[in-house]
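Chemist: Please find upload16.pdb (PDB, C-alpha atoms) on the next line:
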ATOM      1  CA  MET H   1      13.366  -2.963  -1.413  1.00  0.00           C
ATOM      2  CA  TYR H   2      11.626   0.205  -2.479  1.00  0.00           C
ATOM      3  CA  LEU H   3      10.864   1.390   1.059  1.00  0.00           C
ATOM      4  CA  THR H   4      13.986   1.675   3.185  1.00  0.00           C
ATOM      5  CA  SER H   5      13.999   2.690   6.827  1.00  0.00           C
ATOM      6  CA  GLU H   6      15.475   6.079   5.870  1.00  0.00           C
ATOM      7  CA  LYS H   7      12.574   6.695   3.498  1.00  0.00           C
ATOM      8  CA  LYS H   8      10.095   5.736   6.227  1.00  0.00           C
ATOM      9  CA  GLN H   9      11.717   8.169   8.644  1.00  0.00           C
ATOM     10  CA  GLU H  10      11.544  10.888   6.008  1.00  0.00           C
ATOM     11  CA  ILE H  11       7.820  10.214   5.528  1.00  0.00           C
ATOM     12  CA  PHE H  12       7.185  10.268   9.276  1.00  0.00           C
ATOM     13  CA  GLU H  13       9.131  13.524   9.717  1.00  0.00           C
ATOM     14  CA  GLY H  14       7.446  15.318   6.871  1.00  0.00           C
ATOM     15  CA  GLN H  15       3.859  14.226   7.300  1.00  0.00           C
ATOM     16  CA  GLY H  16       3.536  12.818  10.808  1.00  0.00           C
ATOM     17  CA  PHE H  17       1.508  14.408  13.586  1.00  0.00           C
ATOM     18  CA  ASN H  18       4.391  15.776  15.643  1.00  0.00           C
ATOM     19  CA  GLY H  19       6.989  15.765  12.888  1.00  0.00           C
ATOM     20  CA  LYS H  20       9.169  13.221  14.715  1.00  0.00           C
ATOM     21  CA  THR H  21      10.656  10.056  13.318  1.00  0.00           C
ATOM     22  CA  GLU H  22       9.569   8.138  16.432  1.00  0.00           C
ATOM     23  CA  ASP H  23       5.919   9.016  15.810  1.00  0.00           C
ATOM     24  CA  THR H  24       5.132   5.908  13.798  1.00  0.00           C
ATOM     25  CA  GLY H  25       1.819   4.988  15.390  1.00  0.00           C
ATOM     26  CA  SER H  26      -0.187   8.147  14.856  1.00  0.00           C
ATOM     27  CA  PRO H  27      -2.946   7.975  12.253  1.00  0.00           C
ATOM     28  CA  GLU H  28      -1.297  10.757  10.244  1.00  0.00           C
ATOM     29  CA  SER H  29       1.956   8.827   9.984  1.00  0.00           C
ATOM     30  CA  GLN H  30       0.184   5.644   8.997  1.00  0.00           C
ATOM     31  CA  ILE H  31      -1.933   7.452   6.389  1.00  0.00           C
ATOM     32  CA  ALA H  32       1.169   9.060   4.905  1.00  0.00           C
ATOM     33  CA  LEU H  33       2.945   5.695   4.743  1.00  0.00           C
ATOM     34  CA  PHE H  34      -0.072   3.979   3.177  1.00  0.00           C
ATOM     35  CA  THR H  35      -0.367   6.774   0.619  1.00  0.00           C
ATOM     36  CA  TYR H  36       3.267   6.351  -0.404  1.00  0.00           C
ATOM     37  CA  ARG H  37       2.809   2.594  -0.775  1.00  0.00           C
ATOM     38  CA  ILE H  38      -0.456   3.046  -2.697  1.00  0.00           C
ATOM     39  CA  SER H  39       1.185   5.379  -5.187  1.00  0.00           C
ATOM     40  CA  HIS H  40       4.067   2.945  -5.660  1.00  0.00           C
ATOM     41  CA  LEU H  41       1.724   0.003  -6.260  1.00  0.00           C
ATOM     42  CA  THR H  42      -0.400   2.064  -8.639  1.00  0.00           C
ATOM     43  CA  GLU H  43       2.651   2.786 -10.776  1.00  0.00           C
ATOM     44  CA  HIS H  44       3.547  -0.902 -10.723  1.00  0.00           C
ATOM     45  CA  LEU H  45       0.055  -1.878 -11.861  1.00  0.00           C
ATOM     46  CA  LYS H  46       0.180   0.559 -14.773  1.00  0.00           C
ATOM     47  CA  VAL H  47       2.998  -1.533 -16.203  1.00  0.00           C
ATOM     48  CA  HIS H  48       1.868  -4.997 -15.046  1.00  0.00           C
ATOM     49  CA  LYS H  49      -1.876  -5.009 -15.614  1.00  0.00           C
ATOM     50  CA  HIS H  50      -2.418  -8.693 -14.874  1.00  0.00           C
ATOM     51  CA  ASP H  51      -0.644  -8.767 -11.506  1.00  0.00           C
ATOM     52  CA  TYR H  52      -3.717  -9.672  -9.489  1.00  0.00           C
ATOM     53  CA  SER H  53      -1.979 -10.349  -6.187  1.00  0.00           C
ATOM     54  CA  THR H  54      -0.584  -6.827  -6.196  1.00  0.00           C
ATOM     55  CA  GLN H  55      -4.008  -5.530  -7.105  1.00  0.00           C
ATOM     56  CA  LEU H  56      -5.494  -7.309  -4.091  1.00  0.00           C
ATOM     57  CA  GLY H  57      -2.790  -5.857  -1.822  1.00  0.00           C
ATOM     58  CA  LEU H  58      -3.504  -2.399  -3.203  1.00  0.00           C
ATOM     59  CA  LEU H  59      -7.207  -2.723  -2.451  1.00  0.00           C
ATOM     60  CA  LYS H  60      -6.420  -3.835   1.111  1.00  0.00           C
ATOM     61  CA  LEU H  61      -4.148  -0.825   1.622  1.00  0.00           C
ATOM     62  CA  VAL H  62      -6.804   1.540   0.308  1.00  0.00           C
ATOM     63  CA  GLY H  63      -9.296   0.029   2.744  1.00  0.00           C
ATOM     64  CA  LYS H  64      -6.914   0.409   5.683  1.00  0.00           C
ATOM     65  CA  ARG H  65      -6.221   4.025   4.760  1.00  0.00           C
ATOM     66  CA  ARG H  66      -9.939   4.705   4.411  1.00  0.00           C
ATOM     67  CA  SER H  67     -10.664   3.293   7.860  1.00  0.00           C
ATOM     68  CA  LEU H  68      -7.885   5.381   9.410  1.00  0.00           C
ATOM     69  CA  LEU H  69      -9.235   8.492   7.678  1.00  0.00           C
ATOM     70  CA  LYS H  70     -12.725   7.707   8.954  1.00  0.00           C
ATOM     71  CA  TYR H  71     -11.366   7.295  12.489  1.00  0.00           C
ATOM     72  CA  LEU H  72      -9.468  10.556  12.303  1.00  0.00           C
ATOM     73  CA  GLN H  73     -12.488  12.374  10.912  1.00  0.00           C
ATOM     74  CA  LYS H  74     -14.602  11.248  13.868  1.00  0.00           C
ATOM     75  CA  LYS H  75     -11.872  11.903  16.438  1.00  0.00           C
ATOM     76  CA  ASP H  76     -10.489  15.293  15.357  1.00  0.00           C
ATOM     77  CA  ILE H  77     -11.728  17.030  12.214  1.00  0.00           C
ATOM     78  CA  GLU H  78      -8.886  19.577  12.170  1.00  0.00           C
ATOM     79  CA  ARG H  79      -6.214  16.874  12.092  1.00  0.00           C
ATOM     80  CA  TYR H  80      -8.212  15.126   9.358  1.00  0.00           C
ATOM     81  CA  ARG H  81      -8.302  18.261   7.227  1.00  0.00           C
ATOM     82  CA  ALA H  82      -4.593  18.875   7.815  1.00  0.00           C
ATOM     83  CA  ILE H  83      -3.547  15.385   6.684  1.00  0.00           C
ATOM     84  CA  ILE H  84      -5.799  15.605   3.634  1.00  0.00           C
ATOM     85  CA  VAL H  85      -4.001  18.777   2.561  1.00  0.00           C
ATOM     86  CA  LYS H  86      -0.514  17.420   3.374  1.00  0.00           C
ATOM     87  CA  VAL H  87      -0.954  14.157   1.520  1.00  0.00           C
ATOM     88  CA  GLY H  88      -3.165  15.591  -1.202  1.00  0.00           C
ATOM     89  CA  ILE H  89      -5.627  12.739  -1.597  1.00  0.00           C
ATOM     90  CA  ARG H  90      -8.912  14.644  -1.746  1.00  0.00           C
ATOM     91  CA  LYS H  91      -9.918  17.633  -3.806  1.00  0.00           C
TER
END
Go through the file and emit its structure as structure tokens.

Modeler:
Amino acid sequence: MYLTSEKKQEIFEGQGFNGKTEDTGSPESQIALFTYRISHLTEHLKVHKHDYSTQLGLLKLVGKRRSLLKYLQKKDIERYRAIIVKVGIRK
């Protein structure tokens, strides 16, 4: 599988809220994980253009990430701005 538990821990350490591997439930950790999966699926779809089930999964992930970003923006704007810079999804 492309996403091993070691890779998940690395994502949570580097881009999570507290920088801990146990911090898997924070919005920052989830956004970072979704962003990694979105980039992986985007690369897959560049090669396999007619893989519609993957395309549907990608759209669902983008929607989940968007809702988490919206929640974080309402809750704490500074954390929202920090995760945007860390993950690099907005300009």

Chemist: Using all atoms listed in the file for the distances, tell me which of H:His40, H:His50, H:Lys8, H:Arg90 is nearest to Leu69 (chain H).

Modeler: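 Comparing H:His40, H:His50, H:Lys8, H:Arg90 against Leu69 (chain H), the winner is H:Arg90.
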
Chemist: Of the candidates H:Thr24, H:Thr4, H:Arg66, H:Leu33, which one gets nearest to Tyr80 (chain H) if we count all atoms listed in the file?

Modeler: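 Smallest separation from Tyr80 (chain H) among the options: H:Arg66.
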
Chemist: Would you please work out which residue, of H:Phe12, H:Leu56, H:Ser5, H:Ser26, is nearest to Leu72 (chain H) when using only C-alpha atoms?

Modeler: H:Ser26

Chemist: Please measure the separation of CA of Glu28 (chain H) and CA of Lys74 (chain H), giving the value in Å to one decimal.

Modeler: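 A separation of 13.8 Å between them.
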
Chemist: So which residues are close to (-6.6, 4.5, 2.3), meaning at most 10 Å away in the file's coordinates with all atoms listed in the file counted, and can you show them as a PyMOL selection string?

Modeler: chain H and resi 30-35+38+58-70+89

Chemist: Tell me which of H:Glu6, H:His44, H:Ser53, H:Pro27 sits closest to Ile84 (chain H), counting all atoms listed in the file.

Modeler: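 Between H:Glu6, H:His44, H:Ser53, H:Pro27, the residue approaching Ile84 (chain H) most closely is H:Pro27.
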
Chemist: Report the centre and edge lengths, in Å to one decimal, of an axis-aligned box enclosing every atom of region 23-27 of chain H listed in the file, padded by 5 Å on each side, as JSON.

Modeler:
{"center_x": 1.5, "center_y": 7.0, "center_z": 14.0, "size_x": 18.9, "size_y": 14.0, "size_z": 13.6}

Chemist: Please report the interatomic distance between CA of Gln55 (chain H) and CA of Gly14 (chain H) in Å with one decimal.

Modeler: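 That distance, rounded to one decimal, is 27.6 Å.
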
Chemist: CA of Asp23 (chain H) and CA of Asp76 (chain H), how far apart in Å?

Modeler: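 Atom-to-atom, CA of Asp76 (chain H) to CA of Asp23 (chain H), that is 17.6 Å.
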
Chemist: Missing atoms in region 20-42 of chain H: fill them in up to N, CA and C atoms and send the result as a compact mmCIF listing (two decimals), in the coordinates of the input.

Modeler:
# COMPACT_ATOMS: atom_id res chain seq x y z
N LYS H 20 8.05 13.97 14.16
CA LYS H 20 9.17 13.22 14.72
C LYS H 20 9.27 11.88 14.02
N THR H 21 10.48 11.36 13.95
CA THR H 21 10.66 10.06 13.32
C THR H 21 10.15 8.93 14.21
N GLU H 22 10.05 9.16 15.52
CA GLU H 22 9.57 8.14 16.43
C GLU H 22 8.06 8.03 16.43
N ASP H 23 7.38 8.97 15.81
CA ASP H 23 5.92 9.02 15.81
C ASP H 23 5.37 8.13 14.69
N THR H 24 5.53 6.82 14.86
CA THR H 24 5.13 5.91 13.80
C THR H 24 3.72 5.39 13.98
N GLY H 25 3.13 5.57 15.12
CA GLY H 25 1.82 4.99 15.39
C GLY H 25 0.66 5.93 15.21
N SER H 26 0.91 7.21 15.01
CA SER H 26 -0.19 8.15 14.86
C SER H 26 -0.92 7.90 13.54
N PRO H 27 -2.20 8.19 13.49
CA PRO H 27 -2.95 7.98 12.25
C PRO H 27 -2.38 8.76 11.07
N GLU H 28 -1.87 9.95 11.32
CA GLU H 28 -1.30 10.76 10.24
C GLU H 28 -0.09 10.07 9.63
N SER H 29 0.77 9.52 10.48
CA SER H 29 1.96 8.83 9.98
C SER H 29 1.58 7.59 9.18
N GLN H 30 0.62 6.84 9.69
CA GLN H 30 0.18 5.64 9.00
C GLN H 30 -0.48 5.98 7.66
N ILE H 31 -1.28 7.03 7.64
CA ILE H 31 -1.93 7.45 6.39
C ILE H 31 -0.90 7.88 5.37
N ALA H 32 0.12 8.62 5.82
CA ALA H 32 1.17 9.06 4.90
C ALA H 32 1.94 7.86 4.35
N LEU H 33 2.23 6.89 5.19
CA LEU H 33 2.94 5.70 4.74
C LEU H 33 2.10 4.88 3.77
N PHE H 34 0.82 4.70 4.08
CA PHE H 34 -0.07 3.98 3.18
C PHE H 34 -0.19 4.70 1.84
N THR H 35 -0.25 6.01 1.86
CA THR H 35 -0.37 6.77 0.62
C THR H 35 0.86 6.59 -0.25
N TYR H 36 2.04 6.58 0.36
CA TYR H 36 3.27 6.35 -0.40
C TYR H 36 3.25 4.97 -1.04
N ARG H 37 2.85 3.96 -0.25
CA ARG H 37 2.81 2.59 -0.78
C ARG H 37 1.75 2.44 -1.86
N ILE H 38 0.61 3.11 -1.70
CA ILE H 38 -0.46 3.05 -2.70
C ILE H 38 0.01 3.64 -4.01
N SER H 39 0.70 4.76 -3.95
CA SER H 39 1.18 5.38 -5.19
C SER H 39 2.22 4.49 -5.88
N HIS H 40 3.07 3.84 -5.09
CA HIS H 40 4.07 2.94 -5.66
C HIS H 40 3.39 1.75 -6.35
N LEU H 41 2.42 1.15 -5.68
CA LEU H 41 1.72 0.00 -6.26
C LEU H 41 0.90 0.40 -7.48
N THR H 42 0.36 1.59 -7.48
CA THR H 42 -0.40 2.06 -8.64
C THR H 42 0.49 2.18 -9.86
